[in-house]
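Asker: Please read through the structure below; I'll follow up with questions.
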Amino acid sequence: MVESSTEIMVDVNNLNVIFDKNHIIHDVSFKVKKGEIIGLFGISGAGKTTIIRVLTCQIEKKNWSGNVTVTNFSPDKKQNHPLILHNIGYVPQLELLNLYYELSPLANVEVFSSTYGLDTKEAKKIAQELFKILDIPSDTWNKRVKHMSGGEKKRLSMAIGLIHKPSVLFLDEPTTGVDASKRYSILSYLKKLNQKLDTTMFIITHDLEAALICDKTAILREGRMLEFDSPQNLINSLPSNGLVARFEINDLNEAKITRISEFSPVKKVLRVGNEVVEILMESFEENLPKLIQYMIERGVTVNSMSRDSASFRRFFQIRIQEEEEREKLKKNIGEA
Ligand SMILES: Nc1ncnc2c1ncn2[C@@H]1O[C@H](COP(=O)(O)OP(=O)(O)OP(=O)(O)O)[C@@H](O)[C@H]1O
Ligand SMILES: [Mg+2]
């Protein structure tokens with residue numbers, strides 16, 4: 001068996017970020033190994049970009065504390081910044097930020113290779129290999145970027161982020177603004193690059209489907225990291241390893257949901273459609289027939305039923321909801 005690499009590429013211990021008097025990031029800690037893909041998830045304002053800005057040397061040391069290393073160098077020292085920047089790549093949310101639309105893809109490579117002090121010939125060779133991996137058609141390589149399709153521009157932007165062979169690549173919202181059918185292809189290209197080049201990747205995203213390609217997912221809320229683990233481990237932490245019973249119920253209403261929740265093995269009832277609920281419970285196999293019996297006895301008419309495993313999307317919803325309920329409870333106790 002091949003041992004997976006244990007080299008730590010990013011190490012964050014007790015990171016706190018404060019702007020003026022606003023405490024933005026609270027005690028965030030995590031480690032990332034070489035070759036891992038990390039997904040940073042969280043609703044707007046959770047602090048995803050702020051964490052990445054610390055890692056990419058964009059926030060002054062006076063605003064943050066904690067022990068942080070990126071490719072073994074700490075961004076707390078200014079003299080380390082060029083070393084870190086040499087080792088990392090950054091693909092911004094809007095590809096127009098790192099592409100010159102009036103130039104061709106290969107002319108873009110020339111500009112970026114000179115910015116990084118790379119040998120242009122060598123950079124073009126690397127770029128062409130990347131273009132091939134990313135299926136950027138060779139007849140576009142010498143034509144202006146502005147004539148390329150949206151998906152091609154996105155892929156070109158990724159290639160540009162990789163021409164200096166960084167060991168860690170940061171991508172801010174790589175699938176935002178891409179239509180649903182292309183989103184998956186962007187994700188599979190990222191996975192392909194990760195496997196071919198062994199590049200460690202951070203993906204900031206609102207797209208919960210992106211968890212499919214992530215080795216670890218970080219869930220952030222209001223500057224706190226609620227979870228950092230593989231999507232499967234997170235799903236397995238749900239009752240009965242995340243097995244879900246999905247029921248379509250006639251005239252579904254709050255009273256019926258409450259009734260179902262009162263069956264003691266039931267841990268969570270989520271309304272996922274007008275007449276559809278998803279139910280998580282302890283000892284799923286044993287309790288499923290009992291739940292159905294219980295529902296019949298209480299006049300809850302089931303039209304159809306299916307069973308499934310919770311998706312990462314479902315885990316995320318449940319986890320965020322739990323946190324919101326906990327907070328409400330704390331507030332109520334405080335007010336009482
Ligand atoms: N330089 C700054 N000064 C003051 N507050 C800031 C600064 N930068 C970010 N913040 C605040 O920190 C919080 C987290 O912002 P951040 O951009 O990290 O969130 P995010 O998770 O990336 O959100 P989004 O999904 O909308 O991009 C927000 O409330 C934001 O207003
Ligand atoms: Mg952001």
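By convention here, the chains of the structure tokens are called A, B, ... in the order presented, each chain's residues are numbered starting at 1, and ligands are numbered starting at 1 in the order presented.
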For ligand 2, return the neighbouring residues as number ranges by chain (distance at most 10 Å; only C-alpha atoms and all ligand atoms).
Answerer: A: 40-53, 93, 172-173, 204-206
Asker: Can you write out the residues you just picked, keeping N, CA and C atoms, as a short mmCIF file (atom, residue, chain, number, x, y, z; two decimals), in the first residue's frame?
Answerer:
data_model
loop_
_atom_site.label_atom_id
_atom_site.label_comp_id
_atom_site.auth_asym_id
_atom_site.auth_seq_id
_atom_site.Cartn_x
_atom_site.Cartn_y
_atom_site.Cartn_z
N LEU A 40 -13.99 25.36 1.47
CA LEU A 40 -14.41 26.28 2.54
C LEU A 40 -15.85 26.70 2.27
N PHE A 41 -16.74 26.27 3.15
CA PHE A 41 -18.18 26.53 2.96
C PHE A 41 -18.71 27.41 4.09
N GLY A 42 -19.70 28.21 3.77
CA GLY A 42 -20.31 29.04 4.81
C GLY A 42 -21.09 30.15 4.16
N ILE A 43 -22.21 30.53 4.80
CA ILE A 43 -23.01 31.59 4.21
C ILE A 43 -22.24 32.90 4.18
N SER A 44 -22.69 33.80 3.36
CA SER A 44 -22.01 35.08 3.15
C SER A 44 -21.62 35.73 4.48
N GLY A 45 -20.39 36.22 4.55
CA GLY A 45 -19.93 36.91 5.75
C GLY A 45 -19.37 35.97 6.82
N ALA A 46 -19.27 34.68 6.50
CA ALA A 46 -18.79 33.70 7.49
C ALA A 46 -17.30 33.87 7.81
N GLY A 47 -16.55 34.44 6.87
CA GLY A 47 -15.12 34.66 7.10
C GLY A 47 -14.20 33.85 6.19
N LYS A 48 -14.75 33.25 5.15
CA LYS A 48 -13.96 32.40 4.26
C LYS A 48 -12.82 33.18 3.60
N THR A 49 -13.21 34.29 2.95
CA THR A 49 -12.21 35.09 2.24
C THR A 49 -11.16 35.65 3.21
N THR A 50 -11.60 36.04 4.39
CA THR A 50 -10.66 36.61 5.37
C THR A 50 -9.57 35.59 5.73
N ILE A 51 -9.96 34.34 5.94
CA ILE A 51 -8.96 33.30 6.27
C ILE A 51 -7.97 33.15 5.11
N ILE A 52 -8.50 33.07 3.89
CA ILE A 52 -7.63 32.94 2.71
C ILE A 52 -6.72 34.16 2.56
N ARG A 53 -7.23 35.33 2.91
CA ARG A 53 -6.40 36.54 2.80
C ARG A 53 -5.24 36.51 3.79
N GLN A 93 -12.04 35.29 -8.09
CA GLN A 93 -13.43 34.98 -8.42
C GLN A 93 -13.78 35.39 -9.85
N ASP A 172 -11.06 31.26 -5.53
CA ASP A 172 -12.20 31.94 -4.92
C ASP A 172 -13.41 31.79 -5.85
N GLU A 173 -14.37 31.00 -5.41
CA GLU A 173 -15.63 30.80 -6.15
C GLU A 173 -15.40 30.36 -7.60
N ILE A 204 -12.91 28.12 -2.18
CA ILE A 204 -13.97 28.85 -1.48
C ILE A 204 -15.21 28.75 -2.33
N THR A 205 -16.32 28.32 -1.78
CA THR A 205 -17.49 28.17 -2.64
C THR A 205 -18.82 28.21 -1.89
N HIS A 206 -19.85 28.63 -2.62
CA HIS A 206 -21.22 28.54 -2.11
C HIS A 206 -21.88 27.30 -2.70
#
Asker: Skip Val68 of chain A itself and residues of its chain fewer than 6 positions away, then list as a list of chain:residue names all residues within 10 Å of it, counting only C-alpha atoms.
Answerer: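 Near neighbours after the sequence-gap exclusion: A:Val10, A:Asp11, A:Val12, A:Asn13, A:Asn14, A:Leu15, A:Ser29, A:Phe30, A:Lys31, A:Val54, A:Leu55, A:Ser74, A:Pro75, A:Asp76.
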Asker: Write the residues of the preceding selection, restricted to C-alpha atoms, as a short mmCIF file (atom, residue, chain, number, x, y, z; two decimals), in the first residue's frame.
Answerer:
data_model
loop_
_atom_site.label_atom_id
_atom_site.label_comp_id
_atom_site.auth_asym_id
_atom_site.auth_seq_id
_atom_site.Cartn_x
_atom_site.Cartn_y
_atom_site.Cartn_z
CA VAL A 10 -0.87 24.74 5.67
CA ASP A 11 -0.97 24.84 9.45
CA VAL A 12 -3.31 27.20 11.27
CA ASN A 13 -3.45 27.38 15.06
CA ASN A 14 -5.80 29.65 16.96
CA LEU A 15 -6.18 32.20 14.23
CA SER A 29 -7.33 25.88 13.73
CA PHE A 30 -6.75 23.30 11.01
CA LYS A 31 -4.02 21.44 9.15
CA VAL A 54 -4.33 35.75 5.91
CA LEU A 55 -2.86 32.67 4.20
CA SER A 74 4.74 32.15 8.40
CA PRO A 75 2.93 35.11 6.83
CA ASP A 76 3.55 37.04 10.08
#
Asker: For Asp139 of chain A, please output as an MDAnalysis selection string all residues within 12 Å (counting only C-alpha atoms; exclusion window: fewer than 5 positions along the same chain).
Answerer: chainID A and resid 104:106 131:132 144:145 147:148
Asker: Might you pull out every residue within 10 Å of Glu209 of chain A, with only C-alpha atoms counted and same-chain residues fewer than 6 positions away left off, and present them as number ranges by chain?
Answerer: A: 183-184, 187, 311-313
Asker: Pick out each residue of segment 238-275 of chain A that DSSP on the backbone tags as helix (DSSP H, G or I); I need them as a list in words.
Answerer: Pro239, Ser240, Asn241, Gly242, Glu254, Ala255, Lys256, Ile257, Thr258, Arg259, Ile260 and Ser261 of chain A
Asker: Can you pull out every residue within 8 Å of Ser230 of chain A, counting only C-alpha atoms, but drop anything in the same chain fewer than 5 positions away, and send it as a PyMOL selection string?
Answerer: chain A and resi 214-217
Asker: One decimal, Å: what's the distance from atom CA of Met305 of chain A over to atom CA of Ser261 of chain A, could you say?
Answerer: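 Calculated distance between atom CA of Met305 of chain A and atom CA of Ser261 of chain A is 17.0 Å.
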Asker: Counting only C-alpha atoms, what is within 10 Å of Met281 of chain A, bar same-chain residues fewer than 6 positions away, as a list in words?
Answerer: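 The contact residues come out as Leu238, Pro239, Ser240, Asn241, Gly242, Leu243, Val244, Ala245, Ser261, Phe263, Ser264, Pro265, Val266, Lys267, Lys268, Val269, Asn287, Leu288 and Leu291 of chain A.
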Asker: Could you dump the residues just selected with N, CA and C atoms as an mmCIF file, in the first residue's frame?
Answerer:
data_model
loop_
_atom_site.group_PDB
_atom_site.id
_atom_site.type_symbol
_atom_site.label_atom_id
_atom_site.label_comp_id
_atom_site.auth_asym_id
_atom_site.auth_seq_id
_atom_site.Cartn_x
_atom_site.Cartn_y
_atom_site.Cartn_z
ATOM 1 N N LEU A 238 -24.022 11.865 11.643
ATOM 2 C CA LEU A 238 -25.474 12.038 11.840
ATOM 3 C C LEU A 238 -26.061 10.740 12.417
ATOM 4 N N PRO A 239 -27.258 10.784 13.007
ATOM 5 C CA PRO A 239 -27.892 9.562 13.509
ATOM 6 C C PRO A 239 -27.941 8.496 12.414
ATOM 7 N N SER A 240 -27.696 7.234 12.782
ATOM 8 C CA SER A 240 -27.678 6.100 11.836
ATOM 9 C C SER A 240 -26.811 6.389 10.611
ATOM 10 N N ASN A 241 -25.629 6.972 10.842
ATOM 11 C CA ASN A 241 -24.676 7.286 9.768
ATOM 12 C C ASN A 241 -25.289 8.081 8.619
ATOM 13 N N GLY A 242 -26.317 8.839 8.922
ATOM 14 C CA GLY A 242 -26.884 9.714 7.893
ATOM 15 C C GLY A 242 -27.920 9.056 6.994
ATOM 16 N N LEU A 243 -28.436 7.879 7.388
ATOM 17 C CA LEU A 243 -29.530 7.299 6.588
ATOM 18 C C LEU A 243 -30.760 8.192 6.709
ATOM 19 N N VAL A 244 -31.436 8.370 5.580
ATOM 20 C CA VAL A 244 -32.554 9.309 5.532
ATOM 21 C C VAL A 244 -33.794 8.596 4.986
ATOM 22 N N ALA A 245 -34.934 8.785 5.647
ATOM 23 C CA ALA A 245 -36.203 8.308 5.085
ATOM 24 C C ALA A 245 -36.918 9.518 4.503
ATOM 25 N N SER A 261 -42.146 14.392 14.742
ATOM 26 C CA SER A 261 -40.994 14.675 15.614
ATOM 27 C C SER A 261 -41.174 14.066 16.999
ATOM 28 N N PHE A 263 -42.220 11.158 17.732
ATOM 29 C CA PHE A 263 -41.849 9.732 17.792
ATOM 30 C C PHE A 263 -40.389 9.693 18.276
ATOM 31 N N SER A 264 -40.153 9.050 19.440
ATOM 32 C CA SER A 264 -38.886 9.312 20.127
ATOM 33 C C SER A 264 -37.597 8.962 19.359
ATOM 34 N N PRO A 265 -37.533 7.906 18.529
ATOM 35 C CA PRO A 265 -36.265 7.684 17.805
ATOM 36 C C PRO A 265 -35.967 8.770 16.767
ATOM 37 N N VAL A 266 -36.968 9.552 16.386
ATOM 38 C CA VAL A 266 -36.758 10.585 15.354
ATOM 39 C C VAL A 266 -35.902 11.712 15.921
ATOM 40 N N LYS A 267 -34.828 12.018 15.220
ATOM 41 C CA LYS A 267 -33.907 13.068 15.677
ATOM 42 C C LYS A 267 -34.061 14.367 14.909
ATOM 43 N N LYS A 268 -34.522 14.250 13.684
ATOM 44 C CA LYS A 268 -34.633 15.464 12.864
ATOM 45 C C LYS A 268 -35.676 15.266 11.783
ATOM 46 N N VAL A 269 -36.547 16.242 11.602
ATOM 47 C CA VAL A 269 -37.494 16.209 10.479
ATOM 48 C C VAL A 269 -37.238 17.479 9.671
ATOM 49 N N ASN A 287 -36.271 1.009 13.431
ATOM 50 C CA ASN A 287 -37.354 1.951 13.725
ATOM 51 C C ASN A 287 -38.180 2.395 12.524
ATOM 52 N N LEU A 288 -37.683 2.124 11.306
ATOM 53 C CA LEU A 288 -38.426 2.585 10.128
ATOM 54 C C LEU A 288 -39.845 1.992 10.058
ATOM 55 N N LEU A 291 -41.958 3.576 12.657
ATOM 56 C CA LEU A 291 -42.322 4.959 12.340
ATOM 57 C C LEU A 291 -43.531 4.979 11.387
#
Asker: Could you check the closest approach to Ile260 of chain A for each of A:Glu323, A:Asp27, A:Glu278, A:Glu102 and tell me which residue wins, using only C-alpha atoms?
Answerer: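 Smallest distance to Ile260 of chain A is found for A:Glu278.
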Asker: My list of candidates is A:Thr71, A:Asn194, A:Gln293, A:Ser113. Which is closest to Glu7 of chain A when distances are computed with only C-alpha atoms?
Answerer: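 Smallest distance to Glu7 of chain A is found for A:Thr71.
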Asker: Can you tell me which residues surround segment 247-253 of chain A at a distance of at most 9 Å, considering only C-alpha atoms, apart from same-chain residues fewer than 4 positions away, and format the answer as a list in words?
Answerer: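 Residues meeting the cut-off are Ile257, Thr258, Gly273, Asn274, Glu275, Val276, Val277, Glu278, Ile279, Val300, Thr301, Val302, Asn303, Ser304, Met305, Ser306 and Arg307 of chain A.
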Asker: Identify which of the residues A:Lys192, A:Arg221, A:His26, A:Lys153 lies closest to Tyr100 of chain A, counting only C-alpha atoms when measuring atom-to-atom distances.
Answerer: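 For Tyr100 of chain A, the nearest of the candidates is A:Lys153.
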Asker: For the structure I just gave you, how does DSSP split segment 185-231 of chain A - specifically, which residues are strand (DSSP E or B)? Reply as number ranges by chain.
Answerer: A: 200-204, 216-221, 224-229
Asker: Would you write out those residues with N, CA and C atoms, as a PDB file, in the first residue's frame?
Answerer:
ATOM      1  N   THR A 200      -2.014  21.032  -3.786  1.00  0.00           N
ATOM      2  CA  THR A 200      -2.959  21.202  -2.682  1.00  0.00           C
ATOM      3  C   THR A 200      -3.905  22.339  -3.076  1.00  0.00           C
ATOM      4  N   MET A 201      -5.201  22.180  -2.825  1.00  0.00           N
ATOM      5  CA  MET A 201      -6.144  23.211  -3.283  1.00  0.00           C
ATOM      6  C   MET A 201      -7.093  23.658  -2.187  1.00  0.00           C
ATOM      7  N   PHE A 202      -7.320  24.965  -2.167  1.00  0.00           N
ATOM      8  CA  PHE A 202      -8.374  25.536  -1.323  1.00  0.00           C
ATOM      9  C   PHE A 202      -9.452  26.066  -2.236  1.00  0.00           C
ATOM     10  N   ILE A 203     -10.666  25.619  -2.043  1.00  0.00           N
ATOM     11  CA  ILE A 203     -11.759  26.107  -2.881  1.00  0.00           C
ATOM     12  C   ILE A 203     -12.781  26.814  -1.986  1.00  0.00           C
ATOM     13  N   ILE A 204     -12.913  28.121  -2.180  1.00  0.00           N
ATOM     14  CA  ILE A 204     -13.968  28.853  -1.479  1.00  0.00           C
ATOM     15  C   ILE A 204     -15.207  28.751  -2.335  1.00  0.00           C
ATOM     16  N   LYS A 216     -11.421  17.318   2.441  1.00  0.00           N
ATOM     17  CA  LYS A 216     -11.902  17.862   3.714  1.00  0.00           C
ATOM     18  C   LYS A 216     -12.803  19.052   3.413  1.00  0.00           C
ATOM     19  N   THR A 217     -13.799  19.232   4.277  1.00  0.00           N
ATOM     20  CA  THR A 217     -14.659  20.396   4.131  1.00  0.00           C
ATOM     21  C   THR A 217     -14.654  21.168   5.445  1.00  0.00           C
ATOM     22  N   ALA A 218     -14.508  22.470   5.325  1.00  0.00           N
ATOM     23  CA  ALA A 218     -14.565  23.337   6.496  1.00  0.00           C
ATOM     24  C   ALA A 218     -15.906  24.054   6.451  1.00  0.00           C
ATOM     25  N   ILE A 219     -16.640  24.009   7.549  1.00  0.00           N
ATOM     26  CA  ILE A 219     -17.895  24.756   7.608  1.00  0.00           C
ATOM     27  C   ILE A 219     -17.716  25.918   8.577  1.00  0.00           C
ATOM     28  N   LEU A 220     -17.891  27.122   8.037  1.00  0.00           N
ATOM     29  CA  LEU A 220     -17.690  28.329   8.848  1.00  0.00           C
ATOM     30  C   LEU A 220     -19.007  29.034   9.077  1.00  0.00           C
ATOM     31  N   ARG A 221     -19.148  29.600  10.267  1.00  0.00           N
ATOM     32  CA  ARG A 221     -20.318  30.439  10.531  1.00  0.00           C
ATOM     33  C   ARG A 221     -19.901  31.552  11.479  1.00  0.00           C
ATOM     34  N   ARG A 224     -16.480  31.426  13.049  1.00  0.00           N
ATOM     35  CA  ARG A 224     -16.074  30.230  13.792  1.00  0.00           C
ATOM     36  C   ARG A 224     -16.127  29.017  12.882  1.00  0.00           C
ATOM     37  N   MET A 225     -15.147  28.102  13.071  1.00  0.00           N
ATOM     38  CA  MET A 225     -15.159  26.900  12.269  1.00  0.00           C
ATOM     39  C   MET A 225     -15.960  25.834  13.002  1.00  0.00           C
ATOM     40  N   LEU A 226     -17.108  25.481  12.447  1.00  0.00           N
ATOM     41  CA  LEU A 226     -17.977  24.500  13.108  1.00  0.00           C
ATOM     42  C   LEU A 226     -17.474  23.083  12.869  1.00  0.00           C
ATOM     43  N   GLU A 227     -16.952  22.837  11.677  1.00  0.00           N
ATOM     44  CA  GLU A 227     -16.501  21.490  11.317  1.00  0.00           C
ATOM     45  C   GLU A 227     -15.290  21.588  10.405  1.00  0.00           C
ATOM     46  N   PHE A 228     -14.414  20.568  10.525  1.00  0.00           N
ATOM     47  CA  PHE A 228     -13.331  20.417   9.550  1.00  0.00           C
ATOM     48  C   PHE A 228     -13.040  18.927   9.455  1.00  0.00           C
ATOM     49  N   ASP A 229     -13.556  18.298   8.420  1.00  0.00           N
ATOM     50  CA  ASP A 229     -13.404  16.841   8.304  1.00  0.00           C
ATOM     51  C   ASP A 229     -13.783  16.427   6.881  1.00  0.00           C
TER      52      ASP A 229
END
Asker: Check the smallest atom-to-atom distance from each of A:Ala310, A:Val32, A:Val111, A:Met295 to Val70 of chain A using only C-alpha atoms, then report the winner.
Answerer: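 Nearest to Val70 of chain A: A:Val32.
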Asker: For ligand 1, which of A:Leu190, A:Ile163, A:Leu171, A:Val109 is the closest residue, counting only C-alpha atoms and all ligand atoms?
Answerer: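 Smallest distance to ligand 1 is found for A:Leu171.
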Asker: So which one's closest to Lys124 of chain A, A:Ala159, A:Cys57, A:Ile136, A:Leu99? Using only C-alpha atoms, please.
Answerer: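 Among the listed residues, the smallest separation from Lys124 of chain A belongs to A:Ala159.
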